[in-house]
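**Student:** Dropping the structure in here first, questions after.
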Amino acid sequence: MELAQSLRRRGDRVSIIFVTGCEDYLPQGYSVQPLHFLLKPVSREALSAALRTDWELNHKPKTAVLRIGSKTVSLMLSEIRYIESYNHNIIIHQTEGDRTCVFSLTEFERQMPPNQFCRCHNSYLVNMAYVEEIGRTELSLRGGVGVPIGRAYYKSLQSAFIRYINQ
């Protein structure tokens, strides 16, 4: 508890997860804004959930910074629904409209965080957070958008979707 208080006094925002066998420390513990309080004995599932929460809140990338031509562009990952390759350009389909860039789909994919985006077709890359349903030849994104699935990508897309859901 003293270490946690010392960290907060100096402004350190490190994630704190308390593991204790005594509930008496709960009121004092919340004063240092811990991520979680786990009571012993701690189950593997509870610890896993606490660590996953920390990852989602504090460590998972929220933006992508791309060098496109002479510009540096920052994109919110949560706003990108899918990316489409079209005439040597890419069209970034975002929640608030589309953006066209002179960029290759392969290079865009290379710069994205692993497991967040998946190639589903030679010409399409989808944000796994928006995938609702995967059919044999098309997937459905939240918002009613359909994106084609190439035969060569079907199995890897299914595996990526399951990995994404289970992370």
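Each chain of the structure tokens is named A, B, ... in the order shown, its residues numbered from 1; ligands are numbered from 1 in display order.
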Taking 6 positions as the minimum chain separation for residues in the same chain, which residues sit within 8 Å of A:Val19 when counting only C-alpha atoms? Answer as a ChimeraX atom specification.
**Tutor:** /A:37-40,42
**Student:** Grab the residues selected above and save them as a short mmCIF file (atom, residue, chain, number, x, y, z; two decimals), in the first residue's frame with N, CA, C and O atoms.
**Tutor:**
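File result.cif, as written:
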data_model
loop_
_atom_site.label_atom_id
_atom_site.label_comp_id
_atom_site.auth_asym_id
_atom_site.auth_seq_id
_atom_site.Cartn_x
_atom_site.Cartn_y
_atom_site.Cartn_z
N PHE A 37 -9.00 -5.03 -7.72
CA PHE A 37 -8.76 -5.58 -6.40
C PHE A 37 -9.16 -7.03 -6.46
O PHE A 37 -10.33 -7.34 -6.67
N LEU A 38 -8.22 -7.96 -6.31
CA LEU A 38 -8.51 -9.39 -6.37
C LEU A 38 -8.33 -9.99 -4.98
O LEU A 38 -7.31 -9.77 -4.33
N LEU A 39 -9.34 -10.74 -4.54
CA LEU A 39 -9.26 -11.39 -3.23
C LEU A 39 -8.76 -12.81 -3.40
O LEU A 39 -9.17 -13.53 -4.31
N LYS A 40 -7.86 -13.22 -2.49
CA LYS A 40 -7.31 -14.57 -2.51
C LYS A 40 -8.37 -15.57 -2.07
O LYS A 40 -9.20 -15.23 -1.23
N VAL A 42 -7.01 -16.32 -5.80
CA VAL A 42 -7.30 -15.70 -7.10
C VAL A 42 -7.39 -16.79 -8.17
O VAL A 42 -6.48 -17.60 -8.31
#
**Student:** Which residues, written as a count of residues only, have at least one atom at most 12 Å from A:Leu26, with only C-alpha atoms counted and residues fewer than 3 positions away on the same chain left out?
**Tutor:** 18
**Student:** Can you tell me how far atom CA of A:Ile92 sits from atom CA of A:Tyr154, in Å to one decimal?
**Tutor:**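 Between these atoms lies a distance of 21.8 Å.
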**Student:** Residues at most 9 Å from A:Gln94, counting only C-alpha atoms, excluding those fewer than 4 positions away in the same chain, as a list in words?
**Tutor:**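 After dropping sequence-adjacent residues, the list is Ser78, Glu79, Ile80, Arg81, Tyr82, Ile83, Asp98 and Arg99 of chain A.
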**Student:** A:Tyr153, A:Tyr25, A:Met76, A:Ala50: which is nearest A:Lys62, counting only C-alpha atoms?
**Tutor:**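 Result for the nearest residue to A:Lys62: A:Met76.
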**Student:** Provide the atom CA of A:Val126 to atom CA of A:Ser48 distance in Å, to one decimal place.
**Tutor:**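 Value for the atom CA of A:Val126-atom CA of A:Ser48 distance: 26.9 Å.
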**Student:** Could you work out how far atom CA of A:Gly150 lies from atom CA of A:Tyr130, giving the answer in Å with one decimal?
**Tutor:**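 Value for the atom CA of A:Tyr130-atom CA of A:Gly150 distance: 18.3 Å.
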**Student:** Show me, as number ranges by chain, the residues that have an atom within 7 Å of A:Met128 when counting only C-alpha atoms, minus same-chain residues fewer than 6 positions from it.
**Tutor:** A: 116-118, 161, 164
**Student:** For each of A:Asn166, A:Asn58, A:Asn127, A:Asn122, take the minimum atom-to-atom distance to A:Pro148, counting only C-alpha atoms, then give the residue where this is smallest.
**Tutor:** A:Asn122
**Student:** Could you please write out, as number ranges by chain, every residue of stretch 17-84 of chain A that DSSP assigns to helix (DSSP H, G or I)?
**Tutor:** A: 23-30, 44-59, 77-79
**Student:** So that I can see what lies close to A:Ala64, please list as JSON, numbers by chain the residues with an atom at most 9 Å from it, counting only C-alpha atoms and leaving out residues fewer than 2 positions away in the same chain.
**Tutor:** {"A": [61, 62, 66, 73, 74, 75, 76, 77, 111, 112, 113]}
**Student:** Between A:Ala152, A:Leu57, A:Ala46, A:Leu157, single out the one closest to A:Gly135, counting only C-alpha atoms.
**Tutor:** A:Leu157
**Student:** Using only C-alpha atoms, which residues sit within 10 Å of A:Ile91 once same-chain residues fewer than 2 positions away are excluded, as a PyMOL selection string?
**Tutor:** chain A and resi 82-87+89+93-94+98-103+105+124
**Student:** Could you pull out the strand (DSSP E) residues of stretch 94-160 of chain A, going by DSSP on the backbone, and write them as a list in words?
**Tutor:**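 The strand (DSSP E) residues within stretch 94-160 of chain A come out as Gln94, Gly97, Asp98, Arg99, Thr100, Cys101, Phe117, Cys118, Arg119, Cys120, His121, Tyr124, Leu125, Val126, Asn127, Val131, Glu132, Glu133, Ile134, Glu138, Leu139, Ser140, Leu141, Val145, Gly146, Val147 and Pro148 of chain A.
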